[in-house]
file data20.txt (compact mmCIF, C-alpha atoms)
# COMPACT_ATOMS: atom_id res chain seq x y z
CA MET A 15 94.22 89.36 80.59
CA PRO A 16 91.93 89.23 83.58
CA LEU A 17 93.12 90.63 86.87
CA TYR A 18 93.08 88.36 89.90
CA ARG A 19 93.12 89.67 93.43
CA ALA A 20 94.44 87.45 96.19
CA THR A 21 95.32 87.53 99.85
CA VAL A 22 97.99 85.30 101.34
CA GLN A 23 97.74 84.89 105.11
CA VAL A 24 101.06 83.85 106.60
CA SER A 25 100.96 82.68 110.21
CA LEU A 26 103.47 81.10 112.54
CA ARG A 27 103.02 77.37 113.01
CA PRO A 28 101.28 76.64 116.32
CA SER A 29 104.43 75.07 117.76
CA VAL A 30 106.53 78.19 117.12
CA LEU A 31 106.83 80.84 119.84
CA ASP A 32 105.72 84.38 119.04
CA PRO A 33 107.71 86.79 121.23
CA ALA A 34 106.28 89.90 119.53
CA GLY A 35 102.77 88.62 120.17
CA GLU A 36 103.56 87.88 123.80
CA ALA A 37 105.02 91.37 124.28
CA THR A 38 101.87 92.86 122.74
CA ARG A 39 99.70 90.77 125.04
CA ALA A 40 101.61 92.03 128.08
CA ALA A 41 101.30 95.62 126.85
CA ALA A 42 97.56 95.13 126.31
CA ALA A 43 97.10 94.23 129.98
CA ARG A 44 98.86 97.47 130.96
CA LEU A 45 96.54 99.36 128.57
CA GLY A 46 93.53 97.93 130.45
CA VAL A 47 92.49 95.28 127.93
CA SER A 48 92.00 92.23 130.12
CA GLY A 49 90.83 88.75 129.16
CA LEU A 50 93.23 88.24 126.27
CA VAL A 51 93.75 84.50 125.96
CA LYS A 52 95.78 84.47 122.77
CA LEU A 53 97.47 87.01 120.52
CA ARG A 54 99.58 85.94 117.58
CA ILE A 55 100.94 88.17 114.85
CA GLY A 56 101.16 87.04 111.25
CA ARG A 57 101.48 88.67 107.86
CA SER A 58 98.81 89.40 105.33
CA VAL A 59 99.94 89.97 101.75
CA ASP A 60 97.59 91.61 99.24
CA VAL A 61 98.40 90.72 95.66
CA GLU A 62 97.01 91.68 92.26
CA LEU A 63 98.06 89.53 89.35
CA ASP A 64 97.39 89.47 85.61
CA ALA A 65 96.94 85.87 84.44
CA PRO A 66 95.20 84.14 81.53
CA ASP A 67 93.03 81.99 83.80
CA ALA A 68 92.39 81.14 87.45
CA ASP A 69 94.48 77.94 87.42
CA THR A 70 97.55 79.82 86.21
CA ALA A 71 96.97 82.56 88.75
CA ARG A 72 96.65 80.01 91.54
CA SER A 73 99.79 78.09 90.60
CA GLN A 74 101.83 81.31 90.30
CA LEU A 75 100.60 82.48 93.68
CA GLU A 76 101.28 79.12 95.29
CA LEU A 77 104.87 79.25 94.02
CA LEU A 78 105.20 82.80 95.32
CA SER A 79 103.79 81.92 98.75
CA ASP A 80 105.91 78.82 99.16
CA ARG A 81 109.18 80.32 98.02
CA LEU A 82 109.00 83.99 98.88
CA LEU A 83 106.20 85.03 101.21
CA ALA A 84 106.42 82.33 103.86
CA ASN A 85 109.21 80.40 105.49
CA PRO A 86 107.75 76.86 105.42
CA VAL A 87 109.99 75.74 108.28
CA ILE A 88 108.15 77.92 110.80
CA GLU A 89 105.17 79.35 108.93
CA ASP A 90 101.93 78.19 107.33
CA TRP A 91 100.21 80.10 104.57
CA GLN A 92 96.70 80.21 103.17
CA LEU A 93 95.70 81.61 99.80
CA THR A 94 92.38 83.26 98.98
CA LEU A 95 91.94 84.01 95.28
CA ALA A 96 89.24 86.15 93.70
CA LYS A 97 88.79 87.51 90.21
CA ALA A 98 88.68 91.28 90.21
CA GLU A 99 85.82 93.14 88.56
CA GLN A 100 86.07 93.71 84.84
CA GLN A 101 88.79 96.17 84.00
CA PRO A 102 87.84 99.27 81.98
CA MET B 23 82.61 84.04 130.13
CA PRO B 24 82.26 83.42 126.40
CA LEU B 25 85.36 83.33 124.27
CA TYR B 26 85.53 85.63 121.27
CA ARG B 27 87.86 85.06 118.38
CA ALA B 28 88.92 88.01 116.26
CA THR B 29 91.26 88.92 113.47
CA VAL B 30 92.67 92.41 113.07
CA GLN B 31 94.00 93.16 109.60
CA VAL B 32 96.52 95.98 109.67
CA SER B 33 97.48 97.42 106.29
CA LEU B 34 99.52 100.39 105.17
CA ARG B 35 97.42 103.34 104.01
CA PRO B 36 97.32 103.50 100.20
CA SER B 37 99.41 106.69 100.16
CA VAL B 38 102.27 105.09 102.13
CA LEU B 39 105.12 103.42 100.26
CA ASP B 40 105.83 99.73 100.96
CA PRO B 41 109.54 99.08 100.27
CA ALA B 42 109.37 95.49 101.55
CA GLY B 43 106.46 94.77 99.21
CA GLU B 44 108.31 96.34 96.28
CA ALA B 45 111.41 94.25 97.01
CA THR B 46 109.24 91.13 97.13
CA ARG B 47 107.63 92.06 93.83
CA ALA B 48 111.05 92.43 92.21
CA ALA B 49 112.17 89.09 93.66
CA ALA B 50 108.98 87.45 92.35
CA ALA B 51 109.86 88.48 88.80
CA ARG B 52 113.29 86.84 89.20
CA LEU B 53 111.52 83.70 90.49
CA GLY B 54 109.49 83.55 87.28
CA VAL B 55 106.19 84.88 88.63
CA SER B 56 105.22 87.48 86.06
CA GLY B 57 102.13 89.65 85.86
CA LEU B 58 102.24 90.92 89.43
CA VAL B 59 100.50 94.28 89.41
CA LYS B 60 100.47 94.95 93.14
CA LEU B 61 101.99 93.40 96.24
CA ARG B 62 101.58 95.01 99.64
CA ILE B 63 102.48 93.47 102.97
CA GLY B 64 100.39 94.02 106.08
CA ARG B 65 99.94 92.34 109.43
CA SER B 66 97.24 89.98 110.54
CA VAL B 67 96.72 89.59 114.27
CA ASP B 68 94.75 86.61 115.63
CA VAL B 69 93.22 87.27 119.01
CA GLU B 70 91.19 85.25 121.49
CA LEU B 71 89.46 87.22 124.23
CA ASP B 72 87.22 86.37 127.18
CA ALA B 73 84.48 88.97 127.48
CA PRO B 74 80.98 89.09 129.01
CA ASP B 75 79.34 90.08 125.70
CA ALA B 76 80.11 90.96 122.10
CA ASP B 77 79.90 94.73 122.64
CA THR B 78 82.53 94.61 125.38
CA ALA B 79 84.73 92.37 123.27
CA ARG B 80 84.44 94.73 120.33
CA SER B 81 85.24 97.87 122.32
CA GLN B 82 88.25 96.21 123.97
CA LEU B 83 89.54 95.05 120.61
CA GLU B 84 88.99 98.47 119.03
CA LEU B 85 91.03 100.06 121.81
CA LEU B 86 93.73 97.45 121.31
CA SER B 87 93.83 97.92 117.53
CA ASP B 88 93.91 101.70 117.70
CA ARG B 89 96.51 102.02 120.42
CA LEU B 90 98.72 98.97 120.10
CA LEU B 91 98.33 96.95 116.92
CA ALA B 92 98.29 99.70 114.31
CA ASN B 93 100.02 103.01 113.89
CA PRO B 94 97.08 105.19 112.79
CA VAL B 95 99.39 107.73 111.14
CA ILE B 96 100.40 105.29 108.40
CA GLU B 97 98.16 102.26 108.86
CA ASP B 98 94.49 101.31 108.63
CA TRP B 99 92.99 98.40 110.53
CA GLN B 100 89.90 96.27 110.16
CA LEU B 101 88.39 94.08 112.87
CA THR B 102 86.50 90.83 112.28
CA LEU B 103 84.88 89.45 115.42
CA ALA B 104 83.36 86.00 115.87
CA LYS B 105 82.12 84.12 118.90
CA ALA B 106 84.05 80.90 119.40
CA GLU B 107 82.20 77.62 119.78
CA GLN B 108 80.97 76.74 123.24
CA GLN B 109 83.85 75.92 125.53
CA PRO B 110 83.87 72.51 127.22

call {"tool": "encode", "arguments": {"input": "data20.txt", "output": "structure tokens"}}
result
Amino acid sequence: MPLYRATVQVSLRPSVLDPAGEATRAAAARLGVSGLVKLRIGRSVDVELDAPDADTARSQLELLSDRLLANPVIEDWQLTLAKAEQQP
Amino acid sequence: MPLYRATVQVSLRPSVLDPAGEATRAAAARLGVSGLVKLRIGRSVDVELDAPDADTARSQLELLSDRLLANPVIEDWQLTLAKAEQQP
């Protein structure tokens, strides 16, 4: 079965506060990094999946993202799917 | 001053265990998502920065990534920098 490689980017919805991001932004100013307008912290999940075809891989990963990787009440997610190079 | 938009991807070094990722992989199997070969969880930090030019923006963001966003003992980071569209 071909191997699919995917990245799921999970980010807080724009309306949700990000206290960790705000704390990091304050710390950045103390470090001497000025001019920061925005800093928001999300998750990035790297996945490798064996699947018979791309449609199956995508539907499995969508289920995974919706049910397990993101909390849809406060988070959005975005899936990027790529077929890995031929396996040996 | 132009506005630069950047994403810093922070991921665990390949030699570092990822217990949260392993737990998610086990939960995925119970959810009915089979064929998962790898699942590793990292952070993705979205930043907007005012800087006079791209070189300054990059050096500020490299300092930020190295000192604040990632723990270089166990994590790698990768910076993607883009100039935002003209501000109104």

call {"tool": "closest_residue", "arguments": {"input": "data20.txt", "among": "B:Ala106, B:Asp68, B:Val55, B:Pro94", "to": "Ser73 (chain A)", "atoms": "all atoms listed in the file"}}
result
B:Val55

call {"tool": "atom_distance", "arguments": {"input": "data20.txt", "atom1": "CA of Glu76 (chain A)", "atom2": "CA of Lys97 (chain A)"}}
result
15.9 Å

call {"tool": "residues_around", "arguments": {"input": "data20.txt", "residues": "Met23 (chain B)", "least_positions_apart": "4", "cutoff": "7 Å", "atoms": "all atoms listed in the file", "output": "short mmCIF file (atom, residue, chain, number, x, y, z; two decimals) with C-alpha atoms, in the frame of the given file"}}
result
data_model
loop_
_atom_site.label_atom_id
_atom_site.label_comp_id
_atom_site.auth_asym_id
_atom_site.auth_seq_id
_atom_site.Cartn_x
_atom_site.Cartn_y
_atom_site.Cartn_z
CA ASP B 72 87.22 86.37 127.18
CA ALA B 73 84.48 88.97 127.48
CA PRO B 74 80.98 89.09 129.01
#

call {"tool": "closest_atom_pairs", "arguments": {"input": "data20.txt", "of": "chain B", "to": "chain A", "cutoff": "10 Å", "atoms": "only C-alpha atoms", "output": "Markdown table"}}
result
| residue | atom | partner | partner_atom | distance |
| --- | --- | --- | --- | --- |
| B:Met23 | CA | A:Gly49 | CA | 9.5 |
| B:Leu25 | CA | A:Val51 | CA | 8.6 |
| B:Tyr26 | CA | A:Val51 | CA | 9.5 |
| B:Arg27 | CA | A:Lys52 | CA | 9.1 |
| B:Ala28 | CA | A:Leu53 | CA | 9.6 |
| B:Thr29 | CA | A:Leu53 | CA | 9.6 |
| B:Val30 | CA | A:Ile55 | CA | 9.5 |
| B:Gln31 | CA | A:Ser58 | CA | 7.5 |
| B:Val32 | CA | A:Ser58 | CA | 8.2 |
| B:Ser33 | CA | A:Ser58 | CA | 8.2 |
| B:Gly43 | CA | A:Val59 | CA | 8.5 |
| B:Thr46 | CA | A:Leu82 | CA | 7.4 |
| B:Arg47 | CA | A:Val61 | CA | 9.5 |
| B:Ala49 | CA | A:Leu82 | CA | 8.0 |
| B:Ala50 | CA | A:Leu78 | CA | 6.7 |
| B:Ala51 | CA | A:Leu78 | CA | 9.8 |
| B:Leu53 | CA | A:Leu78 | CA | 8.0 |
| B:Gly54 | CA | A:Gln74 | CA | 8.5 |
| B:Val55 | CA | A:Gln74 | CA | 5.9 |
| B:Ser56 | CA | A:Asp64 | CA | 8.1 |
| B:Gly57 | CA | A:Asp64 | CA | 4.7 |
| B:Leu58 | CA | A:Leu63 | CA | 4.4 |
| B:Val59 | CA | A:Glu62 | CA | 5.2 |
| B:Lys60 | CA | A:Glu62 | CA | 4.8 |
| B:Leu61 | CA | A:Val61 | CA | 4.5 |
| B:Arg62 | CA | A:Asp60 | CA | 5.3 |
| B:Ile63 | CA | A:Val59 | CA | 4.5 |
| B:Gly64 | CA | A:Ser58 | CA | 4.9 |
| B:Arg65 | CA | A:Arg57 | CA | 4.3 |
| B:Ser66 | CA | A:Gly56 | CA | 5.0 |
| B:Val67 | CA | A:Ile55 | CA | 4.5 |
| B:Asp68 | CA | A:Arg54 | CA | 5.3 |
| B:Val69 | CA | A:Leu53 | CA | 4.5 |
| B:Glu70 | CA | A:Lys52 | CA | 4.8 |
| B:Leu71 | CA | A:Leu50 | CA | 4.4 |
| B:Asp72 | CA | A:Gly49 | CA | 4.8 |
| B:Ala73 | CA | A:Gly49 | CA | 6.6 |
| B:Pro74 | CA | A:Gly49 | CA | 9.9 |
| B:Ala79 | CA | A:Gly49 | CA | 9.2 |
| B:Ser81 | CA | A:Val47 | CA | 9.5 |
| B:Gln82 | CA | A:Val47 | CA | 5.9 |
| B:Leu83 | CA | A:Val47 | CA | 7.9 |
| B:Leu85 | CA | A:Val47 | CA | 7.9 |
| B:Leu86 | CA | A:Ala42 | CA | 6.7 |
| B:Ser87 | CA | A:Ala42 | CA | 9.9 |
| B:Arg89 | CA | A:Leu45 | CA | 8.6 |
| B:Leu90 | CA | A:Thr38 | CA | 7.4 |
| B:Leu91 | CA | A:Thr38 | CA | 7.9 |

call {"tool": "calpha_fit_and_write", "arguments": {"input": "data20.txt", "fixed": "chain A", "moving": "chain B", "output": "PDB file with C-alpha atoms, in the coordinates of the input"}}
result
ATOM      1  CA  MET B  23      94.223  89.401  80.577  1.00  0.00           C
ATOM      2  CA  PRO B  24      91.934  89.213  83.601  1.00  0.00           C
ATOM      3  CA  LEU B  25      93.128  90.623  86.879  1.00  0.00           C
ATOM      4  CA  TYR B  26      93.084  88.364  89.914  1.00  0.00           C
ATOM      5  CA  ARG B  27      93.124  89.664  93.438  1.00  0.00           C
ATOM      6  CA  ALA B  28      94.463  87.452  96.201  1.00  0.00           C
ATOM      7  CA  THR B  29      95.336  87.531  99.850  1.00  0.00           C
ATOM      8  CA  VAL B  30      98.000  85.292 101.341  1.00  0.00           C
ATOM      9  CA  GLN B  31      97.754  84.877 105.102  1.00  0.00           C
ATOM     10  CA  VAL B  32     101.074  83.851 106.595  1.00  0.00           C
ATOM     11  CA  SER B  33     100.968  82.675 110.204  1.00  0.00           C
ATOM     12  CA  LEU B  34     103.478  81.104 112.542  1.00  0.00           C
ATOM     13  CA  ARG B  35     102.997  77.361 113.014  1.00  0.00           C
ATOM     14  CA  PRO B  36     101.261  76.640 116.333  1.00  0.00           C
ATOM     15  CA  SER B  37     104.418  75.062 117.778  1.00  0.00           C
ATOM     16  CA  VAL B  38     106.526  78.186 117.135  1.00  0.00           C
ATOM     17  CA  LEU B  39     106.827  80.825 119.847  1.00  0.00           C
ATOM     18  CA  ASP B  40     105.713  84.391 119.036  1.00  0.00           C
ATOM     19  CA  PRO B  41     107.709  86.794 121.251  1.00  0.00           C
ATOM     20  CA  ALA B  42     106.284  89.893 119.543  1.00  0.00           C
ATOM     21  CA  GLY B  43     102.749  88.635 120.159  1.00  0.00           C
ATOM     22  CA  GLU B  44     103.555  87.882 123.800  1.00  0.00           C
ATOM     23  CA  ALA B  45     105.007  91.370 124.286  1.00  0.00           C
ATOM     24  CA  THR B  46     101.866  92.859 122.744  1.00  0.00           C
ATOM     25  CA  ARG B  47      99.690  90.768 125.032  1.00  0.00           C
ATOM     26  CA  ALA B  48     101.588  92.033 128.074  1.00  0.00           C
ATOM     27  CA  ALA B  49     101.296  95.626 126.844  1.00  0.00           C
ATOM     28  CA  ALA B  50      97.549  95.136 126.298  1.00  0.00           C
ATOM     29  CA  ALA B  51      97.091  94.238 129.962  1.00  0.00           C
ATOM     30  CA  ARG B  52      98.866  97.476 130.952  1.00  0.00           C
ATOM     31  CA  LEU B  53      96.537  99.357 128.564  1.00  0.00           C
ATOM     32  CA  GLY B  54      93.533  97.962 130.428  1.00  0.00           C
ATOM     33  CA  VAL B  55      92.491  95.298 127.919  1.00  0.00           C
ATOM     34  CA  SER B  56      91.987  92.247 130.096  1.00  0.00           C
ATOM     35  CA  GLY B  57      90.827  88.771 129.161  1.00  0.00           C
ATOM     36  CA  LEU B  58      93.213  88.266 126.259  1.00  0.00           C
ATOM     37  CA  VAL B  59      93.728  84.530 125.954  1.00  0.00           C
ATOM     38  CA  LYS B  60      95.772  84.476 122.763  1.00  0.00           C
ATOM     39  CA  LEU B  61      97.466  87.011 120.521  1.00  0.00           C
ATOM     40  CA  ARG B  62      99.581  85.923 117.578  1.00  0.00           C
ATOM     41  CA  ILE B  63     100.942  88.155 114.851  1.00  0.00           C
ATOM     42  CA  GLY B  64     101.164  87.029 111.242  1.00  0.00           C
ATOM     43  CA  ARG B  65     101.494  88.671 107.859  1.00  0.00           C
ATOM     44  CA  SER B  66      98.829  89.382 105.313  1.00  0.00           C
ATOM     45  CA  VAL B  67      99.963  89.958 101.747  1.00  0.00           C
ATOM     46  CA  ASP B  68      97.608  91.609  99.229  1.00  0.00           C
ATOM     47  CA  VAL B  69      98.413  90.724  95.656  1.00  0.00           C
ATOM     48  CA  GLU B  70      97.034  91.696  92.263  1.00  0.00           C
ATOM     49  CA  LEU B  71      98.092  89.517  89.345  1.00  0.00           C
ATOM     50  CA  ASP B  72      97.395  89.464  85.609  1.00  0.00           C
ATOM     51  CA  ALA B  73      96.941  85.882  84.457  1.00  0.00           C
ATOM     52  CA  PRO B  74      95.202  84.152  81.526  1.00  0.00           C
ATOM     53  CA  ASP B  75      93.031  81.994  83.818  1.00  0.00           C
ATOM     54  CA  ALA B  76      92.393  81.157  87.454  1.00  0.00           C
ATOM     55  CA  ASP B  77      94.476  77.961  87.417  1.00  0.00           C
ATOM     56  CA  THR B  78      97.553  79.832  86.202  1.00  0.00           C
ATOM     57  CA  ALA B  79      96.979  82.573  88.746  1.00  0.00           C
ATOM     58  CA  ARG B  80      96.665  80.030  91.526  1.00  0.00           C
ATOM     59  CA  SER B  81      99.804  78.098  90.591  1.00  0.00           C
ATOM     60  CA  GLN B  82     101.841  81.307  90.289  1.00  0.00           C
ATOM     61  CA  LEU B  83     100.611  82.488  93.664  1.00  0.00           C
ATOM     62  CA  GLU B  84     101.293  79.110  95.282  1.00  0.00           C
ATOM     63  CA  LEU B  85     104.866  79.242  94.003  1.00  0.00           C
ATOM     64  CA  LEU B  86     105.194  82.782  95.311  1.00  0.00           C
ATOM     65  CA  SER B  87     103.779  81.910  98.740  1.00  0.00           C
ATOM     66  CA  ASP B  88     105.905  78.808  99.162  1.00  0.00           C
ATOM     67  CA  ARG B  89     109.182  80.291  98.013  1.00  0.00           C
ATOM     68  CA  LEU B  90     109.010  83.968  98.876  1.00  0.00           C
ATOM     69  CA  LEU B  91     106.208  85.009 101.202  1.00  0.00           C
ATOM     70  CA  ALA B  92     106.429  82.317 103.862  1.00  0.00           C
ATOM     71  CA  ASN B  93     109.218  80.395 105.492  1.00  0.00           C
ATOM     72  CA  PRO B  94     107.757  76.864 105.417  1.00  0.00           C
ATOM     73  CA  VAL B  95     109.991  75.720 108.283  1.00  0.00           C
ATOM     74  CA  ILE B  96     108.171  77.913 110.805  1.00  0.00           C
ATOM     75  CA  GLU B  97     105.183  79.337 108.946  1.00  0.00           C
ATOM     76  CA  ASP B  98     101.951  78.168 107.330  1.00  0.00           C
ATOM     77  CA  TRP B  99     100.218  80.083 104.564  1.00  0.00           C
ATOM     78  CA  GLN B 100      96.715  80.188 103.170  1.00  0.00           C
ATOM     79  CA  LEU B 101      95.725  81.609  99.790  1.00  0.00           C
ATOM     80  CA  THR B 102      92.390  83.254  98.981  1.00  0.00           C
ATOM     81  CA  LEU B 103      91.945  83.998  95.288  1.00  0.00           C
ATOM     82  CA  ALA B 104      89.247  86.152  93.709  1.00  0.00           C
ATOM     83  CA  LYS B 105      88.761  87.500  90.216  1.00  0.00           C
ATOM     84  CA  ALA B 106      88.675  91.286  90.207  1.00  0.00           C
ATOM     85  CA  GLU B 107      85.799  93.114  88.561  1.00  0.00           C
ATOM     86  CA  GLN B 108      86.043  93.689  84.837  1.00  0.00           C
ATOM     87  CA  GLN B 109      88.723  96.216  84.033  1.00  0.00           C
ATOM     88  CA  PRO B 110      87.717  99.322  82.078  1.00  0.00           C
TER      89      PRO B 110
END

call {"tool": "atom_distance", "arguments": {"input": "data20.txt", "atom1": "CA of Val95 (chain B)", "atom2": "CA of Leu34 (chain B)"}}
result
9.5 Å

call {"tool": "axis_aligned_box", "arguments": {"input": "data20.txt", "around": "region 65-82 of chain A", "padding_each_side": "3 Å", "output": "JSON"}}
result
{"center_x": 100.8, "center_y": 81.9, "center_z": 90.3, "size_x": 22.8, "size_y": 13.9, "size_z": 23.6}

call {"tool": "closest_residue", "arguments": {"input": "data20.txt", "among": "B:Ala92, B:Pro24, B:Asp98, B:Ala76", "to": "Val38 (chain B)", "atoms": "only C-alpha atoms"}}
result
B:Asp98

call {"tool": "atom_distance", "arguments": {"input": "data20.txt", "atom1": "CA of Thr94 (chain A)", "atom2": "CA of Ala37 (chain A)"}}
result
29.4 Å
